[in-house]
Amino acid sequence: MTDLTQHAEQLSTTTLLRFATAGSVDDGKSTLVGRLLHDSKSVLTDQLEAVEHASRSRGQEAPDLALLTDGLRAEREQGITIDVAYRYFATPRRRFILADTPGHVQYTRNMVTGASTAELAVVLVDARNGVVEQTRRHAAVAALLRVPHVVLAVNKMDLVDYAEPVFAAIAEEFTAYAASLGVPEITAIPISALAGDNVVEPSAHMDWYGGPTVLEHLETVPVSHDLTGCHARFPVQYVIRPQTAEHPDYRGYAGQIAAGAFRVGETVTVLPSGRTSTIAGIDALGESVDIAWAPQSVTVRLADDIDVSRGDLIAPADDAPTVTQDVEATVCHVADQPLVVGQRVLLKHTTRTVKAIVKDIPSRLTLDDLSQHPAPGRLVANDIGRVVVRTAEPLALDAYADSRRTGSFLLIDPADGTTLTAGMAGASFAAAAAADDAADDDAEWDF
């Protein structure tokens, strides 16, 4: 067996973790990511040589590991992260997709992009500065996006003489704030990204800390990709009708199962029409199967010849989402042009795109203290606020707290197709959702 084959088999048996990094400017995010890649032996030789050459040309003796992720020329010149940098690496225990997101308030929208699919967020704090406004902003964004695991990395511990009281005070303040937002799990780790303390290898300078290193936590944090227990949802992407001599009457509905599982013989509802039928067959990879689950791409055949088209949603008849034309949501505005009341937009939800109008913008959220600015009338780039949208056609929309996949949507400029806003239907924070549904005893978030 070749080394390549062994490596491929090893990767196939490891789990995948998507995680994002965030923090204020100069907190050391890019250095942390570079150290993580370097010390885990995930950097190619030519990449390291290029970083060493660039560092020497700047007069630096040691390689600047931040250059491994800061790929834009403007990022290297200014020493800040501007765009989301994605990195893929693996260890024997797990595969990773890392999104290194910007720390500057001007690029909050980029953090929303990077963290929208993350299962874990690493929030960096400079040990000399402690929890600052931008730290609270990143914790709030992680909570809004229902990121289930948050790591507080207290960086630059070498500059505070590796003092345990400094770390303890920062960890206590951040944990209390994040917990008030409803973040279900918070892990604090003292590190020095520049020196490599507690990033991949345990630190010899902090014997008072007995927890995991950053990499050890990333490798062992529980990640569940089992969506079979969630509300079953199947957005129809394409209708297959070959109308050939071999398949004269074949009619199948192709797409990717967003959540849950579907079985042959199950009674389902097609939304938004509300018509019901029974699953007559499921085709996966050219073969008929009795059951299929997320995130498989399949073709579903129904027993009844009913009108189903792209954008429709197939769900269990006894567990179908509510169909509505009035969407209330928390949104992050990502476009340079503002979003205003009365603006006509397109709303894209799963495979369905409908015309819509912004009926109201009730409030804008101030993330540093979580205060609400009532009736702002508009949202500008990087703003997070509440909106009410009226759609021209009904939508089968879940609450974002129930499903990040079928509870999210985009608002699009109908003139040029520009993405304006990323939306999350339902209550803003987990704490608010829990208050609205006190009977729900499950503290975890359902993805």
# chains A, B, ... in the order shown; residues from 1 in each chain; ligands from 1

$ select_by_dssp --residues "stretch 73-180 of chain A" --states "helix (DSSP H, G or I)" --output "JSON, numbers by chain"
{"A": [73, 74, 75, 76, 77, 78, 105, 106, 107, 108, 109, 110, 111, 112, 113, 114, 115, 133, 134, 135, 136, 137, 138, 139, 140, 141, 142, 143, 144, 157, 158, 159, 160, 164, 165, 166, 167, 168, 169, 170, 171, 172, 173, 174, 175, 176, 177, 178, 179, 180]}

$ residues_around --residues "A:Ala258" --least-positions-apart "4" --cutoff "7 Å" --atoms "only C-alpha atoms" --output "ChimeraX atom specification"
/A:233-234,294-295,405

$ write_last_selection --atoms "C-alpha atoms" --output "compact mmCIF listing (two decimals), in the first residue's frame"
# COMPACT_ATOMS: atom_id res chain seq x y z
CA ARG A 233 -36.32 19.03 4.96
CA PHE A 234 -35.76 18.42 1.23
CA ALA A 294 -28.77 14.59 5.15
CA PRO A 295 -26.60 15.64 3.43
CA ARG A 405 -29.79 25.55 6.85

$ residues_around --residues "A:Gly210" --least-positions-apart "3" --cutoff "12 Å" --atoms "only C-alpha atoms" --output "list in words"
Glu164, Ala188, Ile189, Pro190, Asn198, Pro202, Ser203, Ala204, His205, Met206, Asp207 and Thr213 of chain A

$ residues_around --residues "stretch 235-239 of chain A" --least-positions-apart "2" --cutoff "6 Å" --atoms "only C-alpha atoms" --output "VMD selection string"
chain A and resid 252 to 255 310 to 313 351

$ closest_atom_pairs --of "stretch 376-408 of chain A" --to "stretch 274-282 of chain A" --cutoff "12 Å" --atoms "only C-alpha atoms" --output "JSON lines"
{"residue": "A:Pro394", "atom": "CA", "partner": "A:Gly274", "partner_atom": "CA", "distance": 10.8}
{"residue": "A:Leu395", "atom": "CA", "partner": "A:Gly274", "partner_atom": "CA", "distance": 11.4}
{"residue": "A:Ala396", "atom": "CA", "partner": "A:Gly274", "partner_atom": "CA", "distance": 10.1}

$ closest_residue --among "A:Leu370, A:Leu271, A:Val25, A:Leu410" --to "A:Ala335" --atoms "only C-alpha atoms"
A:Leu410

$ closest_residue --among "A:Ala401, A:Val331, A:Gly417, A:Ala320" --to "A:Pro148" --atoms "only C-alpha atoms"
A:Ala401

$ closest_residue --among "A:Arg386, A:Arg94, A:Arg364, A:Lys29" --to "A:Ala329" --atoms "only C-alpha atoms"
A:Arg386

$ atom_distance --atom1 "atom CA of A:Thr350" --atom2 "atom CA of A:Asp398"
11.2 Å

$ closest_residue --among "A:Asp326, A:Glu216, A:Asp319, A:Glu185" --to "A:His231" --atoms "only C-alpha atoms"
A:Asp319

$ select_by_dssp --residues "stretch 202-319 of chain A" --states "strand (DSSP E)" --output "PyMOL selection string"
chain A and resi 234-235+238-240+252-256+261-263+267-271+275-284+287-289+291-293+297-302+313-316

$ closest_residue --among "A:Leu36, A:Ala317, A:Val141, A:Ala303" --to "A:Ala22" --atoms "only C-alpha atoms"
A:Val141
